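A.B. asks: One structure coming up, written as structure tokens, with questions to follow.
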Amino acid sequence: MKCKLGLERCPDDILRCFPRIEQSFGVVIFGASGDLTKRKLIPALNRLFEAGILPERFFVLGAARTNMDDEEFRSRFEAHPDFLRHCSYISVDYQNLESFKPLKNTVDDLMKKIGSSNLIFYLAVPPDLYIPILENLSKAGLNRKPARVVIEKPFGKDLESARRLEDTLQKHFQEDQIFRIDHYLGKETVQNILVFRFANFIFEEIWNNKFVDHVQITMAEDIGVEHRAGYFENVGLLRDIFQNHMLQILALIAMEPPSSFNGENFRNERVKLLRSIRPFPVEELESWIVRGQYGRGVVNGKEVPAYREEPGVAKDSNVETFVAMKLFIDNWRWSGVPFYLRSGKRLPKKITEVAVVFKKIPHSIFAGVPSDELEPNTIVFTLQPNEGISLEFQVKRPCPGMFPQLLSMDFRYEDYFGVKLPDAYERLLLDVILGDPTLFMRRDDLEVSWELLDPVLKAWENDPVRFSPYVYPAGTWGPREADLLIERDGRKWRKL
Ligand code: NDP
Ligand code: BG6
């Protein structure tokens, strides 16, 4: 069947299906000497360029403290030479207003050259620099519409600092100028949760507490803290993963259908769902949330050091690299259904998976096969890698008896569409350039997730001995206590 673009098959490079941007634009990247710019932002913009999506006239201006010239800046990236011709660099001191005067002159000149007012400021810097940069942009008169500002997680450290950041943002920019990135919302497979749920009829009827026994979300990484100890030591896994990616995935799995998939309707439903999560009982937190930290171990056949032995990590660090939690959503649809969430670094492999586990059959008619022993039906969204959806169900084994066996019917993007999925940053940068906020977070998204997690963080902070993380050997699925969290309820984590 042909798609809406009239194609029988998806092209190998799916970006070719995206509409070409007509209006010229400029992006100023603060922190352009850093990791995010090198690993994600420039490669994504370069891919959009190579796919022919970017207009003829655009510029990328790197801005950071490091002294370098345009050539040196360009030489940091592996990108198409024609794309790199659009890139230049200016040194700025983020905290010094004087430094924003030459920046403004350069931006004005570049904007004149491309003949457009479509301007984006991307803050790819450590979060404590957000407020000084936003204030200096405003003082330099660079905050005027239609300029947009993109900020990266973590959005603050807690509810109070998130509110301070938001107040600064809203003092200097209007809401339609602010793009808060959670790159998980840019992942094709995360968006596919919405299509699966709301473009199919048969699943909606069973997507509730009458049929669903529980839901498991796992975001596992085999890597450790790598070179990001400076960042991670101040943040920890709960803030790094749960405050944003994990809660957003949960919201998409559990939210009510919005009346349409546009910016506000979709975002309203997401926030409504997050508001329905039951607050954690702080007095018995251990029964709801397990904190872990990796010790030495073996990952992918290689011996790796403990978190506390990583460069830049304090020898007595209490920062968690693993969290497992159980939560409830207090609304009609999900009342009584536990959601088990876990994420960690230095687990056996990289995988992000959501499993919606249905109830067991009430009674088995097959002699010698008690209903309890029959694995339940499960719908599994594999968000990465090997992206796809599976449905697990029982079939009769081809033998004389009536012996059921669980099997999995799998859809894999790559097998079916034969394409490599675009990187989340490619999609999100495109949306920023086009000014579409649908896949971005709103102030209330952030506030509601901090309201949920803030009491947990405060409890951990106030009683570091009681909440000291359990050590798990690198290369395992976290501490034993994480297993007990789910096993106490008569369930178990899926084997991944
Ligand atoms: P980096 O640590 O690489 O920092 C980016 C740049 O900021 C550096 O090159 C440096 O540039 C400047 N900088 C760093 N520390 C300071 C400091 N103490 N004072 C002043 N300037 C400083 O960060 P990333 O690129 O990894 O991340 C940027 C933002 O994106 C962060 O908010 C991070 O949380 C977020 N993020 C990053 C991801 C990633 O994969 N890297 C993923 C998701 C979010 P210079 O010295 O030249 O000014
Ligand atoms: C980032 C976190 O937001 O997401 C990192 O800061 C984590 O700690 C990364 O490694 C995981 O993203 P992805 O897309 O590789 O699953």
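By convention in this document, the chains of the structure tokens carry letters A, B, ... by their order, each chain's residues are numbered from 1, and ligands are numbered from 1 in the order they are shown.
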Check which residues fall inside 10 Å of ligand 1 when counting only C-alpha atoms and all ligand atoms, and print them as number ranges by chain.
C.D. replies: A: 29-41, 62-68, 91-95, 122-130, 151-156, 181-184, 227-232, 235, 240-241
A.B. asks: Quick one: residues within 12 Å of region 2-8 of chain A, only C-alpha atoms, excluding same-chain residues fewer than 6 positions away - as a compact mmCIF listing (two decimals) with all heavy atoms, in the first residue's frame?
C.D. replies:
# COMPACT_ATOMS: atom_id res chain seq x y z
N ILE A 14 15.23 7.42 5.60
CA ILE A 14 13.87 7.86 5.92
C ILE A 14 13.78 9.39 6.02
O ILE A 14 12.72 9.98 5.82
CB ILE A 14 13.40 7.17 7.22
CG1 ILE A 14 11.88 7.08 7.28
CG2 ILE A 14 13.93 7.82 8.45
CD1 ILE A 14 11.32 6.00 6.47
N ARG A 16 14.62 11.38 3.97
CA ARG A 16 14.21 11.95 2.69
C ARG A 16 12.70 12.17 2.61
O ARG A 16 12.20 12.88 1.75
CB ARG A 16 14.68 11.06 1.52
CG ARG A 16 16.17 11.00 1.46
CD ARG A 16 16.72 10.57 0.12
NE ARG A 16 18.18 10.55 0.19
CZ ARG A 16 18.95 11.62 0.01
NH1 ARG A 16 18.43 12.77 -0.29
NH2 ARG A 16 20.26 11.52 0.14
N CYS A 17 11.98 11.55 3.53
CA CYS A 17 10.52 11.73 3.54
C CYS A 17 10.11 12.99 4.28
O CYS A 17 8.96 13.40 4.24
CB CYS A 17 9.84 10.54 4.22
SG CYS A 17 10.12 9.00 3.35
N PHE A 18 11.03 13.57 5.03
CA PHE A 18 10.67 14.76 5.79
C PHE A 18 10.60 15.96 4.85
O PHE A 18 11.37 16.06 3.90
CB PHE A 18 11.71 15.02 6.90
CG PHE A 18 11.57 14.07 8.07
CD1 PHE A 18 11.94 12.74 7.94
CD2 PHE A 18 11.08 14.50 9.28
CE1 PHE A 18 11.82 11.85 9.00
CE2 PHE A 18 10.94 13.63 10.35
CZ PHE A 18 11.31 12.30 10.21
N PRO A 19 9.67 16.90 5.13
CA PRO A 19 9.55 18.04 4.23
C PRO A 19 10.77 18.94 4.31
O PRO A 19 11.38 19.09 5.38
CB PRO A 19 8.32 18.79 4.77
CG PRO A 19 8.17 18.34 6.17
CD PRO A 19 8.74 16.96 6.26
N PHE A 417 10.39 -2.44 7.50
CA PHE A 417 10.54 -1.23 6.69
C PHE A 417 11.90 -1.14 6.00
O PHE A 417 12.07 -0.33 5.09
CB PHE A 417 10.32 0.02 7.56
CG PHE A 417 8.89 0.17 8.02
CD1 PHE A 417 8.53 0.00 9.34
CD2 PHE A 417 7.89 0.47 7.10
CE1 PHE A 417 7.22 0.13 9.76
CE2 PHE A 417 6.56 0.61 7.51
CZ PHE A 417 6.23 0.44 8.84
A.B. asks: Could you pull the residues within 7 Å of Glu387 (chain A), counting only C-alpha atoms, minus those fewer than 4 positions along the same chain, as a PyMOL selection string?
C.D. replies: chain A and resi 189+382-383+412-413
A.B. asks: In terms of the shortest atom-to-atom distance over only C-alpha atoms and all ligand atoms, which of A:His172, A:Arg267, A:Arg74, A:Lys349 is closest to ligand 2?
C.D. replies: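 The answer is A:Lys349, which sits nearest to ligand 2.
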A.B. asks: I'd like the neighbourhood of Trp207 (chain A) as a list in words, where a residue qualifies if any of its atoms comes within 10 Å (using only C-alpha atoms), though same-chain residues fewer than 3 positions away should be ignored.
C.D. replies: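 Near Trp207 (chain A), the qualifying residues are Arg197, Ile202, Phe203, Glu204, Lys210, Phe211, Val212, Ile253, Ala254, Arg333, Trp334, Val356 and Phe358 of chain A.
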A.B. asks: Can you pull out every residue within 12 Å of Pro146 (chain A), counting only C-alpha atoms, but drop anything in the same chain fewer than 5 positions away, and send it as a ChimeraX atom specification?
C.D. replies: /A:25-26,116-121,173-178,432-435
A.B. asks: Export, as a PDB file, in the first residue's frame, the selected residues with N, CA and C atoms.
C.D. replies:
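File written: part05.pdb
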ATOM      1  N   PHE A  25      17.411  29.847   8.514  1.00  0.00           N
ATOM      2  CA  PHE A  25      17.453  29.903   9.977  1.00  0.00           C
ATOM      3  C   PHE A  25      18.903  29.939  10.464  1.00  0.00           C
ATOM      4  N   GLY A  26      19.056  30.313  11.728  1.00  0.00           N
ATOM      5  CA  GLY A  26      20.374  30.285  12.353  1.00  0.00           C
ATOM      6  C   GLY A  26      20.283  29.604  13.705  1.00  0.00           C
ATOM      7  N   SER A 116      16.859  36.347   7.367  1.00  0.00           N
ATOM      8  CA  SER A 116      15.769  35.718   8.105  1.00  0.00           C
ATOM      9  C   SER A 116      15.833  36.134   9.573  1.00  0.00           C
ATOM     10  N   SER A 117      14.706  35.994  10.259  1.00  0.00           N
ATOM     11  CA  SER A 117      14.723  36.288  11.703  1.00  0.00           C
ATOM     12  C   SER A 117      14.526  35.001  12.504  1.00  0.00           C
ATOM     13  N   ASN A 118      14.612  33.858  11.822  1.00  0.00           N
ATOM     14  CA  ASN A 118      14.383  32.558  12.453  1.00  0.00           C
ATOM     15  C   ASN A 118      15.658  32.121  13.187  1.00  0.00           C
ATOM     16  N   LEU A 119      15.695  32.408  14.491  1.00  0.00           N
ATOM     17  CA  LEU A 119      16.936  32.248  15.244  1.00  0.00           C
ATOM     18  C   LEU A 119      16.720  31.334  16.445  1.00  0.00           C
ATOM     19  N   ILE A 120      17.679  30.419  16.668  1.00  0.00           N
ATOM     20  CA  ILE A 120      17.549  29.446  17.765  1.00  0.00           C
ATOM     21  C   ILE A 120      18.801  29.502  18.638  1.00  0.00           C
ATOM     22  N   PHE A 121      18.610  29.561  19.940  1.00  0.00           N
ATOM     23  CA  PHE A 121      19.731  29.448  20.871  1.00  0.00           C
ATOM     24  C   PHE A 121      19.647  28.094  21.552  1.00  0.00           C
ATOM     25  N   PHE A 173      11.502  34.961  28.104  1.00  0.00           N
ATOM     26  CA  PHE A 173      10.982  34.367  26.864  1.00  0.00           C
ATOM     27  C   PHE A 173       9.519  34.001  27.062  1.00  0.00           C
ATOM     28  N   GLN A 174       8.755  33.978  25.979  1.00  0.00           N
ATOM     29  CA  GLN A 174       7.378  33.504  26.100  1.00  0.00           C
ATOM     30  C   GLN A 174       7.353  31.991  25.881  1.00  0.00           C
ATOM     31  N   GLU A 175       6.282  31.365  26.370  1.00  0.00           N
ATOM     32  CA  GLU A 175       6.239  29.897  26.346  1.00  0.00           C
ATOM     33  C   GLU A 175       6.479  29.341  24.936  1.00  0.00           C
ATOM     34  N   ASP A 176       5.922  29.998  23.905  1.00  0.00           N
ATOM     35  CA  ASP A 176       6.108  29.429  22.562  1.00  0.00           C
ATOM     36  C   ASP A 176       7.532  29.627  22.033  1.00  0.00           C
ATOM     37  N   GLN A 177       8.383  30.287  22.815  1.00  0.00           N
ATOM     38  CA  GLN A 177       9.796  30.416  22.403  1.00  0.00           C
ATOM     39  C   GLN A 177      10.672  29.365  23.102  1.00  0.00           C
ATOM     40  N   ILE A 178      10.066  28.624  24.067  1.00  0.00           N
ATOM     41  CA  ILE A 178      10.893  27.744  24.916  1.00  0.00           C
ATOM     42  C   ILE A 178      10.725  26.272  24.505  1.00  0.00           C
ATOM     43  N   VAL A 432      12.323  21.964  16.262  1.00  0.00           N
ATOM     44  CA  VAL A 432      12.680  23.283  16.808  1.00  0.00           C
ATOM     45  C   VAL A 432      12.759  24.294  15.661  1.00  0.00           C
ATOM     46  N   ILE A 433      13.413  23.896  14.569  1.00  0.00           N
ATOM     47  CA  ILE A 433      13.567  24.829  13.452  1.00  0.00           C
ATOM     48  C   ILE A 433      12.188  25.217  12.904  1.00  0.00           C
ATOM     49  N   LEU A 434      11.277  24.233  12.887  1.00  0.00           N
ATOM     50  CA  LEU A 434       9.927  24.501  12.373  1.00  0.00           C
ATOM     51  C   LEU A 434       9.020  25.138  13.434  1.00  0.00           C
ATOM     52  N   GLY A 435       9.494  25.166  14.688  1.00  0.00           N
ATOM     53  CA  GLY A 435       8.712  25.784  15.767  1.00  0.00           C
ATOM     54  C   GLY A 435       7.556  24.918  16.244  1.00  0.00           C
TER      55      GLY A 435
END
A.B. asks: Which is closest to Asp158 (chain A) among A:Arg270, A:Lys315, A:Lys458, A:Arg466, if we use only C-alpha atoms?
C.D. replies: A:Lys458
A.B. asks: With distances taken over only C-alpha atoms and all ligand atoms, which of A:Ser317, A:Ser408, A:Asn244, A:Ser371 is nearest to ligand 2?
C.D. replies: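 Result for the nearest residue to ligand 2: A:Asn244.
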A.B. asks: Out of A:Leu439, A:Ala367, A:Ala474, A:Leu406, which residue has the shortest atom-to-atom distance to Gly297 (chain A) when counting only C-alpha atoms?
C.D. replies: A:Ala474
A.B. asks: With DSSP run on the backbone, what are the strand (DSSP E or B) residues within region 160-203 of chain A? I'd like them as a list in words.
C.D. replies: Ile178, Phe179, Arg180 and Ile181 of chain A
A.B. asks: Take the residues from that selection and put them in a file with C-alpha atoms, as a PDB file, in the first residue's frame.
C.D. replies:
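Now in selection_34.pdb:
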ATOM      1  CA  ILE A 178      10.893  27.744  24.916  1.00  0.00           C
ATOM      2  CA  PHE A 179      11.809  24.184  23.850  1.00  0.00           C
ATOM      3  CA  ARG A 180      12.688  21.793  26.686  1.00  0.00           C
ATOM      4  CA  ILE A 181      14.235  18.671  25.194  1.00  0.00           C
TER       5      ILE A 181
END
